[in-house]
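Colleague: Coordinates in entry.pdb, PDB, C-alpha atoms and all ligand atoms, are listed below.
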ATOM      1  CA  MET A   4     259.759 146.174 -92.104  1.00  0.00           C
ATOM      2  CA  SER A   5     259.857 147.813 -88.690  1.00  0.00           C
ATOM      3  CA  THR A   6     260.910 151.386 -88.129  1.00  0.00           C
ATOM      4  CA  TYR A   7     263.879 152.441 -86.048  1.00  0.00           C
ATOM      5  CA  TYR A   8     261.501 153.431 -83.231  1.00  0.00           C
ATOM      6  CA  GLU A   9     259.813 150.007 -83.278  1.00  0.00           C
ATOM      7  CA  GLU A  10     263.133 148.173 -83.302  1.00  0.00           C
ATOM      8  CA  VAL A  11     264.297 150.115 -80.259  1.00  0.00           C
ATOM      9  CA  GLN A  12     261.029 149.389 -78.447  1.00  0.00           C
ATOM     10  CA  GLU A  13     261.618 145.656 -78.987  1.00  0.00           C
ATOM     11  CA  ILE A  14     265.130 145.937 -77.552  1.00  0.00           C
ATOM     12  CA  LYS A  15     263.941 148.085 -74.633  1.00  0.00           C
ATOM     13  CA  ALA A  16     261.370 145.436 -73.724  1.00  0.00           C
ATOM     14  CA  GLN A  17     264.238 143.069 -72.869  1.00  0.00           C
ATOM     15  CA  TYR A  18     265.448 145.285 -70.014  1.00  0.00           C
ATOM     16  CA  PRO A  19     263.879 146.452 -66.760  1.00  0.00           C
ATOM     17  CA  ASP A  20     265.185 149.975 -67.481  1.00  0.00           C
ATOM     18  CA  GLY A  21     264.829 151.153 -71.082  1.00  0.00           C
ATOM     19  CA  ARG A  22     268.056 153.147 -70.903  1.00  0.00           C
ATOM     20  CA  SER A  23     269.897 149.836 -70.746  1.00  0.00           C
ATOM     21  CA  ALA A  24     269.120 149.575 -74.462  1.00  0.00           C
ATOM     22  CA  ALA A  25     271.231 152.663 -75.163  1.00  0.00           C
ATOM     23  CA  LEU A  26     274.140 150.837 -76.805  1.00  0.00           C
ATOM     24  CA  PRO A  27     272.142 148.753 -79.297  1.00  0.00           C
ATOM     25  CA  ALA A  28     269.894 151.771 -79.969  1.00  0.00           C
ATOM     26  CA  LEU A  29     272.940 153.922 -80.710  1.00  0.00           C
ATOM     27  CA  ARG A  30     274.421 151.235 -82.944  1.00  0.00           C
ATOM     28  CA  LEU A  31     271.175 151.029 -84.924  1.00  0.00           C
ATOM     29  CA  ALA A  32     271.010 154.826 -85.204  1.00  0.00           C
ATOM     30  CA  GLN A  33     274.587 154.879 -86.474  1.00  0.00           C
ATOM     31  CA  GLU A  34     273.778 152.218 -89.081  1.00  0.00           C
ATOM     32  CA  LYS A  35     270.790 154.268 -90.215  1.00  0.00           C
ATOM     33  CA  HIS A  36     272.472 157.691 -90.332  1.00  0.00           C
ATOM     34  CA  GLY A  37     276.100 156.731 -91.058  1.00  0.00           C
ATOM     35  CA  TYR A  38     277.225 158.407 -87.843  1.00  0.00           C
ATOM     36  CA  LEU A  39     275.628 159.792 -84.695  1.00  0.00           C
ATOM     37  CA  SER A  40     274.643 163.210 -85.962  1.00  0.00           C
ATOM     38  CA  PRO A  41     272.571 165.520 -83.716  1.00  0.00           C
ATOM     39  CA  GLU A  42     269.508 164.271 -85.612  1.00  0.00           C
ATOM     40  CA  ALA A  43     270.466 160.626 -84.976  1.00  0.00           C
ATOM     41  CA  LEU A  44     271.037 161.331 -81.267  1.00  0.00           C
ATOM     42  CA  ARG A  45     267.642 163.024 -81.028  1.00  0.00           C
ATOM     43  CA  GLU A  46     265.924 160.095 -82.722  1.00  0.00           C
ATOM     44  CA  CYS A  47     267.722 157.668 -80.414  1.00  0.00           C
ATOM     45  CA  ALA A  48     266.749 159.691 -77.337  1.00  0.00           C
ATOM     46  CA  ASP A  49     263.101 159.839 -78.412  1.00  0.00           C
ATOM     47  CA  ALA A  50     263.006 156.071 -78.912  1.00  0.00           C
ATOM     48  CA  LEU A  51     264.694 155.410 -75.565  1.00  0.00           C
ATOM     49  CA  GLY A  52     262.630 157.989 -73.688  1.00  0.00           C
ATOM     50  CA  THR A  53     265.694 159.899 -72.573  1.00  0.00           C
ATOM     51  CA  THR A  54     267.691 162.969 -73.620  1.00  0.00           C
ATOM     52  CA  PRO A  55     270.076 163.478 -76.562  1.00  0.00           C
ATOM     53  CA  ALA A  56     272.677 164.545 -73.970  1.00  0.00           C
ATOM     54  CA  LEU A  57     272.572 161.113 -72.327  1.00  0.00           C
ATOM     55  CA  CYS A  58     272.866 159.411 -75.709  1.00  0.00           C
ATOM     56  CA  GLU A  59     275.816 161.609 -76.625  1.00  0.00           C
ATOM     57  CA  ALA A  60     277.485 160.961 -73.274  1.00  0.00           C
ATOM     58  CA  VAL A  61     277.193 157.195 -73.769  1.00  0.00           C
ATOM     59  CA  ALA A  62     278.345 157.395 -77.392  1.00  0.00           C
ATOM     60  CA  SER A  63     281.368 159.517 -76.523  1.00  0.00           C
ATOM     61  CA  PHE A  64     282.714 156.717 -74.319  1.00  0.00           C
ATOM     62  CA  TYR A  65     282.837 154.019 -77.014  1.00  0.00           C
ATOM     63  CA  ASP A  66     285.305 154.035 -79.909  1.00  0.00           C
ATOM     64  CA  MET A  67     282.945 152.077 -82.160  1.00  0.00           C
ATOM     65  CA  LEU A  68     280.327 154.820 -81.963  1.00  0.00           C
ATOM     66  CA  HIS A  69     281.059 157.857 -84.127  1.00  0.00           C
ATOM     67  CA  LEU A  70     279.915 161.381 -83.328  1.00  0.00           C
ATOM     68  CA  ALA A  71     281.432 162.708 -86.569  1.00  0.00           C
ATOM     69  CA  PRO A  72     281.282 161.391 -90.139  1.00  0.00           C
ATOM     70  CA  THR A  73     283.821 158.691 -91.006  1.00  0.00           C
ATOM     71  CA  GLY A  74     285.224 157.327 -94.234  1.00  0.00           C
ATOM     72  CA  ARG A  75     283.924 154.181 -95.910  1.00  0.00           C
ATOM     73  CA  HIS A  76     286.784 152.285 -94.250  1.00  0.00           C
ATOM     74  CA  ILE A  77     288.070 152.816 -90.723  1.00  0.00           C
ATOM     75  CA  VAL A  78     291.685 152.026 -89.859  1.00  0.00           C
ATOM     76  CA  GLU A  79     292.393 152.041 -86.124  1.00  0.00           C
ATOM     77  CA  VAL A  80     295.907 151.577 -84.789  1.00  0.00           C
ATOM     78  CA  CYS A  81     296.212 150.524 -81.165  1.00  0.00           C
ATOM     79  CA  THR A  82     298.710 152.818 -79.483  1.00  0.00           C
ATOM     80  CA  ASN A  83     298.269 151.507 -75.953  1.00  0.00           C
ATOM     81  CA  VAL A  84     301.235 150.262 -73.954  1.00  0.00           C
ATOM     82  CA  SER A  85     301.864 146.761 -75.359  1.00  0.00           C
ATOM     83  CA  CYS A  86     301.566 147.972 -78.921  1.00  0.00           C
ATOM     84  CA  ALA A  87     303.508 151.150 -78.143  1.00  0.00           C
ATOM     85  CA  LEU A  88     306.410 149.042 -76.862  1.00  0.00           C
ATOM     86  CA  VAL A  89     306.824 147.324 -80.228  1.00  0.00           C
ATOM     87  CA  GLY A  90     306.458 150.418 -82.414  1.00  0.00           C
ATOM     88  CA  ALA A  91     302.757 151.276 -82.772  1.00  0.00           C
ATOM     89  CA  GLN A  92     303.600 154.955 -83.210  1.00  0.00           C
ATOM     90  CA  GLN A  93     305.730 154.120 -86.252  1.00  0.00           C
ATOM     91  CA  VAL A  94     302.876 152.006 -87.639  1.00  0.00           C
ATOM     92  CA  LEU A  95     300.476 154.927 -87.163  1.00  0.00           C
ATOM     93  CA  GLU A  96     302.934 157.300 -88.845  1.00  0.00           C
ATOM     94  CA  SER A  97     303.308 154.891 -91.762  1.00  0.00           C
ATOM     95  CA  PHE A  98     299.546 154.946 -92.250  1.00  0.00           C
ATOM     96  CA  GLU A  99     299.615 158.751 -92.096  1.00  0.00           C
ATOM     97  CA  GLN A 100     302.305 158.854 -94.751  1.00  0.00           C
ATOM     98  CA  GLU A 101     300.688 156.243 -96.984  1.00  0.00           C
ATOM     99  CA  LEU A 102     297.211 157.801 -96.770  1.00  0.00           C
ATOM    100  CA  GLY A 103     298.392 161.434 -96.838  1.00  0.00           C
ATOM    101  CA  ILE A 104     296.400 162.370 -93.741  1.00  0.00           C
ATOM    102  CA  ARG A 105     297.012 162.809 -90.014  1.00  0.00           C
ATOM    103  CA  ALA A 106     295.554 160.499 -87.374  1.00  0.00           C
ATOM    104  CA  GLY A 107     291.961 161.545 -86.721  1.00  0.00           C
ATOM    105  CA  GLU A 108     291.384 162.606 -90.336  1.00  0.00           C
ATOM    106  CA  THR A 109     289.602 161.135 -93.350  1.00  0.00           C
ATOM    107  CA  THR A 110     291.060 161.036 -96.854  1.00  0.00           C
ATOM    108  CA  ASP A 111     289.675 163.659 -99.259  1.00  0.00           C
ATOM    109  CA  ASP A 112     287.893 160.996-101.285  1.00  0.00           C
ATOM    110  CA  GLY A 113     286.003 159.894 -98.145  1.00  0.00           C
ATOM    111  CA  GLU A 114     287.435 156.394 -98.373  1.00  0.00           C
ATOM    112  CA  VAL A 115     289.551 155.986 -95.229  1.00  0.00           C
ATOM    113  CA  THR A 116     289.450 157.361 -91.699  1.00  0.00           C
ATOM    114  CA  LEU A 117     292.617 156.822 -89.642  1.00  0.00           C
ATOM    115  CA  ARG A 118     292.478 156.837 -85.857  1.00  0.00           C
ATOM    116  CA  PRO A 119     294.645 155.830 -82.914  1.00  0.00           C
ATOM    117  CA  ILE A 120     292.687 153.666 -80.513  1.00  0.00           C
ATOM    118  CA  GLU A 121     293.015 152.321 -77.003  1.00  0.00           C
ATOM    119  CA  CYS A 122     293.788 148.643 -76.293  1.00  0.00           C
ATOM    120  CA  LEU A 123     292.011 146.304 -78.705  1.00  0.00           C
ATOM    121  CA  GLY A 124     292.499 143.333 -76.387  1.00  0.00           C
ATOM    122  CA  GLY A 125     295.170 141.681 -78.517  1.00  0.00           C
ATOM    123  CA  CYS A 126     298.199 142.773 -76.504  1.00  0.00           C
ATOM    124  CA  GLY A 127     300.064 139.503 -77.144  1.00  0.00           C
ATOM    125  CA  TRP A 128     299.874 140.126 -80.888  1.00  0.00           C
ATOM    126  CA  ALA A 129     301.057 143.741 -80.950  1.00  0.00           C
ATOM    127  CA  THR A 130     300.893 145.878 -82.932  1.00  0.00           C
ATOM    128  CA  VAL A 131     297.186 145.369 -83.534  1.00  0.00           C
ATOM    129  CA  VAL A 132     295.416 147.307 -86.284  1.00  0.00           C
ATOM    130  CA  SER A 133     291.662 147.126 -86.752  1.00  0.00           C
ATOM    131  CA  ILE A 134     290.480 147.532 -90.321  1.00  0.00           C
ATOM    132  CA  ASP A 135     286.714 147.834 -90.540  1.00  0.00           C
ATOM    133  CA  HIS A 136     286.618 145.932 -87.225  1.00  0.00           C
ATOM    134  CA  HIS A 137     288.760 143.036 -88.498  1.00  0.00           C
ATOM    135  CA  TYR A 138     292.037 142.728 -86.653  1.00  0.00           C
ATOM    136  CA  ARG A 139     295.511 142.558 -88.209  1.00  0.00           C
ATOM    137  CA  THR A 140     298.172 141.417 -85.782  1.00  0.00           C
ATOM    138  CA  HIS A 141     301.942 141.877 -85.504  1.00  0.00           C
ATOM    139  CA  VAL A 142     301.688 144.808 -87.912  1.00  0.00           C
ATOM    140  CA  LYS A 143     304.980 146.507 -88.753  1.00  0.00           C
ATOM    141  CA  PRO A 144     305.501 149.804 -90.591  1.00  0.00           C
ATOM    142  CA  ALA A 145     306.709 147.823 -93.617  1.00  0.00           C
ATOM    143  CA  ASP A 146     303.306 146.080 -93.825  1.00  0.00           C
ATOM    144  CA  VAL A 147     301.390 149.339 -94.171  1.00  0.00           C
ATOM    145  CA  PRO A 148     301.748 150.030 -97.931  1.00  0.00           C
ATOM    146  CA  ALA A 149     300.301 146.593 -98.788  1.00  0.00           C
ATOM    147  CA  ILE A 150     297.439 147.046 -96.325  1.00  0.00           C
ATOM    148  CA  VAL A 151     296.554 150.429 -97.838  1.00  0.00           C
ATOM    149  CA  GLN A 152     296.828 148.966-101.332  1.00  0.00           C
ATOM    150  CA  GLU A 153     294.383 146.214-100.318  1.00  0.00           C
ATOM    151  CA  LEU A 154     291.974 148.786 -98.942  1.00  0.00           C
ATOM    152  CA  ARG A 155     292.192 150.977-102.017  1.00  0.00           C
ATOM    153  CA  SER A 156     291.653 148.055-104.376  1.00  0.00           C
ATOM    154  CA  GLY A 157     288.678 146.787-102.349  1.00  0.00           C
ATOM    155  CA  GLU A 158     290.248 143.376-101.625  1.00  0.00           C
TER     156      GLU A 158
HETATM  157  S1  LIG A 201     297.890 147.365 -76.116  1.00  0.00           S
HETATM  158 FE1  LIG A 201     297.444 147.076 -78.220  1.00  0.00          FE
HETATM  159  S2  LIG A 201     296.057 145.436 -78.193  1.00  0.00           S
HETATM  160 FE2  LIG A 201     296.412 145.814 -76.108  1.00  0.00          FE
END
Would you put the structure from the file into structure tokens?
Modeller:
Amino acid sequence: MSTYYEEVQEIKAQYPDGRSAALPALRLAQEKHGYLSPEALRECADALGTTPALCEAVASFYDMLHLAPTGRHIVEVCTNVSCALVGAQQVLESFEQELGIRAGETTDDGEVTLRPIECLGGCGWATVVSIDHHYRTHVKPADVPAIVQELRSGE
């Protein structure tokens, strides 16, 4: 089984400039560490031959890369314009109420992180909610209790 460093070297070899492997290297580091902690960023930078600051700068741009710990499940509500026009804010507030946390927080049991997110590319199916990277479409506030129940019961 290859180490993280070896895996990144294999990816780097596919690009003329090793820094082009930053995204897959960050994804692998996140899988290994759970999130992109300072230690994970340092390990990523060492493998890429760059600085932790560059890795952090890249990671900070992408919603799927996490610079802070997250819950076991991640619920992301698109609040961009198409979703906002059909009530995304109310959907987000329903999740806040149902989970007992504010957007940006994780439940005390570490199960669910709730976040608003920019356009998920499903504007014609607003409101779009991503649950562990699987999209739910046309979500209404009334749908939220059942979605949370599903999450809690591990369905
Ligand atoms: S605005 Fe919500 S998916 Fe595009």
Colleague: In Å, how far is it from CA of Asp66 (chain A) to CA of Ala91 (chain A)?
Modeller: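 Straight-line distance from CA of Asp66 (chain A) to CA of Ala91 (chain A) works out to 17.9 Å.
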Colleague: Padding of 3 Å on every side, edges along x, y and z, all listed atoms of ligand LIG 201 (chain A) included: what centre and edge lengths in Å, to one decimal, does that box have, as JSON?
Modeller:
{"center_x": 297.0, "center_y": 146.4, "center_z": -77.2, "size_x": 7.8, "size_y": 7.9, "size_z": 8.1}
Colleague: For ligand LIG 201 (chain A), return the neighbouring residues as a ChimeraX atom specification (distance at most 12 Å; all atoms listed in the file).
Modeller: /A:79-92,94,119-133,138-142
Colleague: Could you state which residues are captured by the PyMOL selection byres (((chain A and resi 57) around 12) and not hetatm) in this file, as a list of chain:residue names?
Modeller: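 With the PyMOL selection byres (((chain A and resi 57) around 12) and not hetatm) on this model, the match is A:Arg22, A:Ser23, A:Ala25, A:Leu26, A:Leu29, A:Leu44, A:Arg45, A:Cys47, A:Ala48, A:Asp49, A:Leu51, A:Gly52, A:Thr53, A:Thr54, A:Pro55, A:Ala56, A:Cys58, A:Glu59, A:Ala60, A:Val61, A:Ala62, A:Ser63, A:Phe64.
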Colleague: Selection from above, C-alpha atoms, as a PDB file, in the coordinates of the input, can you write it?
Modeller:
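Now in part_7.pdb:
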ATOM      1  CA  ARG A  22     268.056 153.147 -70.903  1.00  0.00           C
ATOM      2  CA  SER A  23     269.897 149.836 -70.746  1.00  0.00           C
ATOM      3  CA  ALA A  25     271.231 152.663 -75.163  1.00  0.00           C
ATOM      4  CA  LEU A  26     274.140 150.837 -76.805  1.00  0.00           C
ATOM      5  CA  LEU A  29     272.940 153.922 -80.710  1.00  0.00           C
ATOM      6  CA  LEU A  44     271.037 161.331 -81.267  1.00  0.00           C
ATOM      7  CA  ARG A  45     267.642 163.024 -81.028  1.00  0.00           C
ATOM      8  CA  CYS A  47     267.722 157.668 -80.414  1.00  0.00           C
ATOM      9  CA  ALA A  48     266.749 159.691 -77.337  1.00  0.00           C
ATOM     10  CA  ASP A  49     263.101 159.839 -78.412  1.00  0.00           C
ATOM     11  CA  LEU A  51     264.694 155.410 -75.565  1.00  0.00           C
ATOM     12  CA  GLY A  52     262.630 157.989 -73.688  1.00  0.00           C
ATOM     13  CA  THR A  53     265.694 159.899 -72.573  1.00  0.00           C
ATOM     14  CA  THR A  54     267.691 162.969 -73.620  1.00  0.00           C
ATOM     15  CA  PRO A  55     270.076 163.478 -76.562  1.00  0.00           C
ATOM     16  CA  ALA A  56     272.677 164.545 -73.970  1.00  0.00           C
ATOM     17  CA  CYS A  58     272.866 159.411 -75.709  1.00  0.00           C
ATOM     18  CA  GLU A  59     275.816 161.609 -76.625  1.00  0.00           C
ATOM     19  CA  ALA A  60     277.485 160.961 -73.274  1.00  0.00           C
ATOM     20  CA  VAL A  61     277.193 157.195 -73.769  1.00  0.00           C
ATOM     21  CA  ALA A  62     278.345 157.395 -77.392  1.00  0.00           C
ATOM     22  CA  SER A  63     281.368 159.517 -76.523  1.00  0.00           C
ATOM     23  CA  PHE A  64     282.714 156.717 -74.319  1.00  0.00           C
TER      24      PHE A  64
END
Colleague: Quick check, in Å to one decimal: how far apart do CA of Gly37 (chain A) and CA of Thr73 (chain A) lie?
Modeller: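 Separation between CA of Gly37 (chain A) and CA of Thr73 (chain A): 8.0 Å.
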